[in-house]
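Trainee: One structure is given below, represented as structure tokens, and several questions about it will come after.
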Amino acid sequence: MQTVTSLTKSATVAKEAAQILVFAALTALGAQIEIPLYPVPMTMQTAAVLAAGVFAGARAGAISQVLYLVSGFFLPVYAGGAMGVAHLFGATGGYLIAFPIAAWLAGTLTTHEKNPVRTFASVFATSLVIFALGATWLKVSQQLSWELALAHGVYPFLIGDVLKCALVSASAWGWTALNVQLRT
């Protein structure tokens with residue numbers, strides 16, 4: 001007979017596993033919502049990555065993104081239906097490698113945050129980490145100047161990223177408000 005503690009642990013593990021699967025799947029889905037730009041497409045992946053950290057927490061969020069990356073070795077889940085390990089070494093490899101780091105960071109920075117402005121700032125700062133790693137790898141892998149790496153890998157995405165960060169932050173606050181209402 002299981003004790004209450006072991007049942008609670010089992011439920012927690014099941015919940016975390018479900019979150020990992022859901023956010024890996026949402027990132028794969030976000031990759032397919034694409035505006036094909038060259039060499040870096042505009043997708044909804046970063047919204048899913050940031051949401052993974054904010055909603056699932058640092059650990060589960062990061063694991064969900066590792067699962068997404070590994071899934072892409074065998075399944076066409078990367079942007080444009082791409083797949084394969086070699087994709088991690090292409091123009092968008094830095095962005096992809098940044099996903100687990102960003103999910104962890106978003107989860108870490110927003111876990112106990114009570115202020116919606118600071119939540120947005122934390123999510124946006126995390127987004128900048130994705131840009132930093134992505135643009136750096138874009139520069140190196142494509143042998144671009146910093147000017148071109150930023151022009152192709154950061155500037156076209158800033159407005160959309162602000163909107164995605166606002167969406168994730170507002171969703172977090174809506175979810176928090178809903179949970180408070182359900183508890184009362």
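By order of appearance in the structure tokens: chains A, B, ..., then residues from 1 within every chain, and ligands from 1 in the order shown.
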If you count only C-alpha atoms, which residues fall within 6 Å of region 43-53 of chain A, apart from same-chain ones fewer than 4 positions away, as a list in words?
Mentor: Phe23, Leu26, Thr27, Gly30, Ala31, Ile33, Glu34, Gly57, Ala58, Gly61, Ala103, Trp104, Ala106, Gly107, Lys164 and Val168 of chain A
Trainee: Can you check which residues of region 5-69 of chain A DSSP gives as strand (DSSP E or B) on the backbone and send them as a ChimeraX atom specification?
Mentor: /A:34-35,42-43
Trainee: So that I can check the surroundings of Ser122 (chain A), please list as a ChimeraX atom specification every protein, DNA and RNA residue that reaches within 7 Å of it, counting only C-alpha atoms and ignoring chain neighbours fewer than 4 positions away.
Mentor: /A:106,109-110,118,126
Trainee: Given the selection you just returned, output its residues as a file containing N, CA and C atoms, formatted as a compact mmCIF listing (two decimals), in the first residue's frame.
Mentor:
```txt
# COMPACT_ATOMS: atom_id res chain seq x y z
N ALA A 106 14.52 31.60 -17.74
CA ALA A 106 13.17 32.18 -17.58
C ALA A 106 12.49 31.61 -16.34
N LEU A 109 14.28 33.11 -13.18
CA LEU A 109 14.03 34.53 -12.94
C LEU A 109 12.58 34.85 -12.57
N THR A 110 11.65 34.01 -12.99
CA THR A 110 10.24 34.34 -12.76
C THR A 110 9.55 33.49 -11.70
N ARG A 118 8.39 43.39 -13.78
CA ARG A 118 9.65 42.64 -13.60
C ARG A 118 9.55 41.27 -14.29
N THR A 126 15.77 37.22 -20.85
CA THR A 126 16.04 35.85 -21.27
C THR A 126 16.04 35.74 -22.79
```
Trainee: Excluding region 3-16 of chain A and any residue of its chain fewer than 3 positions from it, enumerate the residues within 8 Å of it, using only C-alpha atoms, and give them as a compact mmCIF listing (two decimals) with C-alpha atoms, in the first residue's frame.
Mentor:
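Once everything was written out, this is selection-v3.txt:
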```
# COMPACT_ATOMS: atom_id res chain seq x y z
CA GLN A 19 4.91 19.53 -18.75
CA ILE A 20 8.15 18.40 -20.40
CA ALA A 56 6.96 24.50 -16.07
CA ALA A 60 11.27 20.97 -16.45
```
Trainee: Please report the interatomic distance between CA of His152 (chain A) and CA of Ser127 (chain A) in Å with one decimal.
Mentor: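 So the two atoms, CA of His152 (chain A) and CA of Ser127 (chain A), lie 16.3 Å apart.
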Trainee: What's the 7 Å shell around Gln65 (chain A), counting only C-alpha atoms, without same-chain residues fewer than 4 positions away, as a compact mmCIF listing (two decimals) with N, CA and C atoms, in the first residue's frame?
Mentor:
```txt
# COMPACT_ATOMS: atom_id res chain seq x y z
N ALA A 24 7.88 20.56 -25.08
CA ALA A 24 8.69 20.11 -26.23
C ALA A 24 7.81 20.12 -27.48
N GLY A 61 11.38 23.07 -17.69
CA GLY A 61 11.47 23.87 -18.90
C GLY A 61 12.72 23.54 -19.69
N LEU A 69 15.30 19.38 -28.77
CA LEU A 69 16.52 19.32 -29.58
C LEU A 69 16.84 17.89 -30.00
N PHE A 99 18.08 27.37 -26.40
CA PHE A 99 16.73 27.09 -25.89
C PHE A 99 16.72 26.49 -24.48
N PRO A 100 17.47 25.43 -24.19
CA PRO A 100 17.43 24.91 -22.80
C PRO A 100 17.94 25.92 -21.78
```
Trainee: Please provide the set of residues having any atom within 12 Å of Gly80 (chain A), restricted to only C-alpha atoms, with same-chain residues fewer than 3 positions apart removed, written as a PyMOL selection string.
Mentor: chain A and resi 28-38+40-43+45+72+75-77+83+87+92
Trainee: What's around Ser141 (chain A) at 7 Å? Count only C-alpha atoms, leave out sequence neighbours fewer than 3 positions away in its own chain, and write the answer as a list in words.
Mentor: Gly90, Ala91, Trp137 and Leu138 of chain A
